[in-house]
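*Asks:* Handing you this structure, nothing more for now.
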Amino acid sequence: MTNASSTFKERLAALSPAVLKGLRRGIEKESLRVKADGTLVQTPHPAVLGSALEHPHITTDFSEALIELITGVHTGVEACLDELKRIHQFVYRHIGDEVLWGASMPCSLPDEKTIPIARYGTSNIGRAKTVYRMGLSHRYGRRMQMIAGLHYNFSLPEAVWPLPGLPGPNEGYFALIRNFRRHAWLLMYLFGASPAVCSSFVAGRKHELRELAPGTLYMPHATSLRMGRLGYLSEAQDSLAVSYNNLESYTASLYDVLTKPYPPYEAIGIRDARVAGDGVESYKQLATSLLQIENEFYSTIRPKRVIRSGERALHALRERGVEYVEVRAMDLDPFSPIGISANTVRFLDIFLLHCLLAESPPDTRAEIEAIGRNKQRAAQRGREPALLLDRSSATVELREWGAQVLAECEPIAAALDAAHRGAREKHAYRTALADAVRAVEDPAPVPSARVLSEIQQSHANSYARFGLERSLEHARTLRNEPFSSEVEARFARLAEESIKKQKEIEATDKTPFETYRQKYLSRESLEVQSSV
């Protein structure tokens, strides 16, 4: 028995049924609001849904038209998905004939300048959120920011620590993160659902896409164009080699790019001298550093901690450590009304536990570069027969490597099923794993293959038609399912309370915005005091 397999078995044995039943998860799901004809809405975030600044479950991302739905933290898979469904249902009851676009790559988009940036009111924190988004528009363009994704937040009960070789959550979560990054290509292959785009998305940009039909571009073996070069990538961030070896190396890497001016962004400037006054329109971005704030770092996974009011995310990590991880590599599932299925959630649990339990050596600059290459190959060519990935100093077929990872996941799936004995589905985790094993052997059932097949066979080679028909179908499903008056009343109350909270913040916020901005972005806001 090798040391690696011995450590894996030791760690798995240390996860009691109570720990496995206590896995915590939450979902953040973005969707574009579109008209019934599939074009982007130009209207503000509906007031009836509450304050996007303060509502705990319904907010916006980059645009007024890009809604974000957020569940609480759940130990049950079905409970988490049920809450996500209820949030969708409430939204659908209050957006008239609008529809939530069910795919990650956007609908037909209007002129870049007419895409509405999200607004959060007149408080300093609300203005900062809008100015940050203005910075994104200057740096990357508004169309790129209209991509939607699904974030999966995952943590283990505190009682699990220490695990053999992992004395605490910081060491454990960073070991998980390193392995996740090594194997994230497998999630893109299995769950990527964006092999095609509307041509409006790349208008005026260079690309390598092929035309499937007028208005629709694609790559024949792509899995997730969202995660490829057309998605959340930039030359500036490509230059980063952030280390995930420990909390100190990670936070030091981010501290540098959050505090040092970056010449191309210095050229943009902070303020627009042509705009009078100190309103948000007079600002171009929050800062001239490579990252304005921590959220601008486009990683497939992030170490996270719930932050206190006014606190910087990096400061929270440095002071109190990692609380959970945020998986950011998931496309929306266009075949699910809520963007993700129970099978996918269960596979994510298995996969993330594998990332935690397997040996996770320190990363190196060479490996970080190989991880980037593998991510791009899987995103753009993942279903290509005999596709090769870089592993150590050799190459290996994606399907061979994927089969090896999934084989190592078998005892984890068995342990999860044993922990959930008596549940509605007795072999739910092993079923989710078996589906993945079959998909690695033959890509026909993976979402990217299904999307292309439907576009070609049922929608006249039109991505826009595919996206709209699926979205309308999901809207009908969610509108027709039962929705209790008690749940309606609770969400209505949350909406009213969120608006009240925003007004209270605005009424007491007397600090000039420029003073607030400089203090919030100061080096001191990122540092932990020596007395702590």
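The way I read the labels, and the way they are meant: chains A, B, ... in the order of the structure tokens, residue 1 as the first residue of every chain, and ligand 1 as the first ligand shown, with later ones counted on from there.
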Wanna dump the region 349-414 of chain A-region 418-438 of chain A contacts at 10 Å for me, each residue with its shortest atom pair and the distance in Å to one decimal, counting only C-alpha atoms, ordered by chain and number, as a Markdown table?
*Replies:*
```
| residue | atom | partner | partner_atom | distance |
| --- | --- | --- | --- | --- |
| A:Asp349 | CA | A:Tyr429 | CA | 8.8 |
| A:Ile350 | CA | A:Tyr429 | CA | 7.6 |
| A:Phe351 | CA | A:Leu433 | CA | 9.3 |
| A:Arg399 | CA | A:Val437 | CA | 9.6 |
| A:Gly402 | CA | A:Val437 | CA | 8.3 |
| A:Ala403 | CA | A:Val437 | CA | 6.7 |
| A:Gln404 | CA | A:Val437 | CA | 9.8 |
| A:Val405 | CA | A:Val437 | CA | 9.8 |
| A:Leu406 | CA | A:Val437 | CA | 6.6 |
| A:Ala407 | CA | A:Val437 | CA | 8.4 |
| A:Cys409 | CA | A:Leu433 | CA | 7.8 |
| A:Glu410 | CA | A:Arg430 | CA | 7.4 |
| A:Pro411 | CA | A:Arg430 | CA | 9.3 |
| A:Ile412 | CA | A:Tyr429 | CA | 8.7 |
| A:Ala413 | CA | A:Tyr429 | CA | 5.2 |
| A:Ala414 | CA | A:Ala418 | CA | 6.1 |
```
*Asks:* Skip Glu397 (chain A) itself and residues of its chain fewer than 5 positions away, then list as a PyMOL selection string all residues within 8 Å of it, counting only C-alpha atoms.
*Replies:* chain A and resi 386-389
*Asks:* Going by DSSP on the backbone, which bits of region 385-500 of chain A are strand (DSSP E)? Write them as a PyMOL selection string, please.
*Replies:* chain A and resi 388-391+394-397
*Asks:* Excluding same-chain residues fewer than 2 positions from region 177-188 of chain A, what lies within 8 Å of it counting only C-alpha atoms, as number ranges by chain?
*Replies:* A: 173-175, 190-192, 223-224, 244-245, 300-303, 325, 329-330, 352, 355-356, 358, 360, 362-363, 371, 374-375, 378-379, 382, 402
*Asks:* Could you list, with a cut-off of 12 Å and counting only C-alpha atoms, the residues of region 455-484 of chain A near region 27-32 of chain A, each shown with its nearest atom pair and the distance in Å rounded to one decimal, rows sorted by chain and ascending number, as a tab-separated table?
*Replies:*
```
residue	atom	partner	partner_atom	distance
A:Gly467	CA	A:Leu32	CA	11.4
A:Leu468	CA	A:Leu32	CA	11.5
A:Ser471	CA	A:Ser31	CA	10.3
```
*Asks:* Would you save the residues of that selection, restricted to all heavy atoms, as a PDB file, in the first residue's frame?
*Replies:*
```pdb
ATOM      1  N   GLY A 467     -31.881  28.620 -26.535  1.00  0.00           N
ATOM      2  CA  GLY A 467     -31.898  29.240 -25.221  1.00  0.00           C
ATOM      3  C   GLY A 467     -33.273  29.747 -24.829  1.00  0.00           C
ATOM      4  O   GLY A 467     -33.726  29.561 -23.691  1.00  0.00           O
ATOM      5  N   LEU A 468     -33.973  30.375 -25.772  1.00  0.00           N
ATOM      6  CA  LEU A 468     -35.291  30.922 -25.467  1.00  0.00           C
ATOM      7  C   LEU A 468     -36.302  29.813 -25.201  1.00  0.00           C
ATOM      8  O   LEU A 468     -37.074  29.882 -24.243  1.00  0.00           O
ATOM      9  CB  LEU A 468     -35.775  31.814 -26.606  1.00  0.00           C
ATOM     10  CG  LEU A 468     -37.163  32.436 -26.403  1.00  0.00           C
ATOM     11  CD1 LEU A 468     -37.211  33.273 -25.124  1.00  0.00           C
ATOM     12  CD2 LEU A 468     -37.568  33.267 -27.612  1.00  0.00           C
ATOM     13  N   SER A 471     -35.693  28.319 -21.846  1.00  0.00           N
ATOM     14  CA  SER A 471     -36.026  29.281 -20.793  1.00  0.00           C
ATOM     15  C   SER A 471     -37.532  29.406 -20.618  1.00  0.00           C
ATOM     16  O   SER A 471     -38.036  29.461 -19.488  1.00  0.00           O
ATOM     17  CB  SER A 471     -35.405  30.645 -21.111  1.00  0.00           C
ATOM     18  OG  SER A 471     -34.003  30.541 -21.268  1.00  0.00           O
TER      19      SER A 471
END
```
*Asks:* Could you pull the residues within 9 Å of Thr43 (chain A), counting only C-alpha atoms, minus those fewer than 6 positions along the same chain, as a ChimeraX atom specification?
*Replies:* /A:64-65,116
*Asks:* Tell me which protein, DNA and RNA residues are within 12 Å of Arg127 (chain A), counting only C-alpha atoms, leaving out same-chain ones fewer than 6 positions away, and put them as a PyMOL selection string.
*Replies:* chain A and resi 53+117-121+133-134+278-283+285-286+506+509+512-514+516-517
*Asks:* With DSSP run on the backbone, what are the alpha helix (DSSP H) residues within region 323-502 of chain A? I'd like them as a ChimeraX atom specification.
*Replies:* /A:342-357,365-381,398-419,428-441,447-458,463-480,485-502
*Asks:* I'd like to know which of A:Glu359, A:Asn295, A:Ile268, A:Arg490 is closest to Lys129 (chain A), using only C-alpha atoms.
*Replies:*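 Closest to Lys129 (chain A), using only C-alpha atoms: A:Asn295.
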*Asks:* Give me, as a list in words, all polymer residues having an atom no more than 12 Å from Asp37 (chain A), counting only C-alpha atoms and skipping those fewer than 5 positions away in the same chain.
*Replies:*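 Using only C-alpha atoms, the neighbours found are Asp97, Glu98, Val99, Leu100, Trp101, Cys107, Ser108, Ala464, Arg465, Gly467, Leu468, Glu469, Ser471 and Leu472 of chain A.
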*Asks:* Okay, now the selection with N, CA and C atoms, as an mmCIF file, in the first residue's frame?
*Replies:*
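What ended up in part_14.cif:
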```cif
data_model
loop_
_atom_site.group_PDB
_atom_site.id
_atom_site.type_symbol
_atom_site.label_atom_id
_atom_site.label_comp_id
_atom_site.auth_asym_id
_atom_site.auth_seq_id
_atom_site.Cartn_x
_atom_site.Cartn_y
_atom_site.Cartn_z
ATOM 1 N N ASP A 97 -44.124 39.136 -17.736
ATOM 2 C CA ASP A 97 -43.864 38.146 -18.786
ATOM 3 C C ASP A 97 -42.379 38.008 -19.081
ATOM 4 N N GLU A 98 -41.532 38.572 -18.212
ATOM 5 C CA GLU A 98 -40.093 38.372 -18.378
ATOM 6 C C GLU A 98 -39.733 36.924 -18.068
ATOM 7 N N VAL A 99 -38.564 36.524 -18.536
ATOM 8 C CA VAL A 99 -38.094 35.146 -18.392
ATOM 9 C C VAL A 99 -36.646 35.185 -17.903
ATOM 10 N N LEU A 100 -36.268 34.202 -17.103
ATOM 11 C CA LEU A 100 -34.869 34.056 -16.706
ATOM 12 C C LEU A 100 -34.155 33.174 -17.733
ATOM 13 N N TRP A 101 -33.142 33.731 -18.377
ATOM 14 C CA TRP A 101 -32.391 33.009 -19.416
ATOM 15 C C TRP A 101 -31.719 31.798 -18.768
ATOM 16 N N CYS A 107 -28.106 35.783 -24.024
ATOM 17 C CA CYS A 107 -29.045 35.941 -25.131
ATOM 18 C C CYS A 107 -28.461 36.931 -26.131
ATOM 19 N N SER A 108 -29.231 37.265 -27.129
ATOM 20 C CA SER A 108 -28.808 38.305 -28.068
ATOM 21 C C SER A 108 -28.642 39.611 -27.295
ATOM 22 N N ALA A 464 -29.817 31.099 -30.087
ATOM 23 C CA ALA A 464 -30.821 31.980 -29.494
ATOM 24 C C ALA A 464 -32.167 31.266 -29.361
ATOM 25 N N ARG A 465 -32.554 30.507 -30.379
ATOM 26 C CA ARG A 465 -33.826 29.781 -30.328
ATOM 27 C C ARG A 465 -33.780 28.688 -29.261
ATOM 28 N N GLY A 467 -31.881 28.620 -26.535
ATOM 29 C CA GLY A 467 -31.898 29.240 -25.221
ATOM 30 C C GLY A 467 -33.273 29.747 -24.829
ATOM 31 N N LEU A 468 -33.973 30.375 -25.772
ATOM 32 C CA LEU A 468 -35.291 30.922 -25.467
ATOM 33 C C LEU A 468 -36.302 29.813 -25.201
ATOM 34 N N GLU A 469 -36.311 28.776 -26.042
ATOM 35 C CA GLU A 469 -37.289 27.700 -25.843
ATOM 36 C C GLU A 469 -37.086 27.011 -24.502
ATOM 37 N N SER A 471 -35.693 28.319 -21.846
ATOM 38 C CA SER A 471 -36.026 29.281 -20.793
ATOM 39 C C SER A 471 -37.532 29.406 -20.618
ATOM 40 N N LEU A 472 -38.265 29.461 -21.723
ATOM 41 C CA LEU A 472 -39.730 29.542 -21.645
ATOM 42 C C LEU A 472 -40.313 28.286 -21.008
#
```
*Asks:* What does the distance from CA of Ile95 (chain A) to CA of Tyr463 (chain A) come to in Å, to one decimal?
*Replies:* 24.0 Å
*Asks:* Can you measure CA of Trp401 (chain A) to CA of Arg381 (chain A) for me? One decimal in Å is fine.
*Replies:*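 Those two atoms sit 15.6 Å apart.
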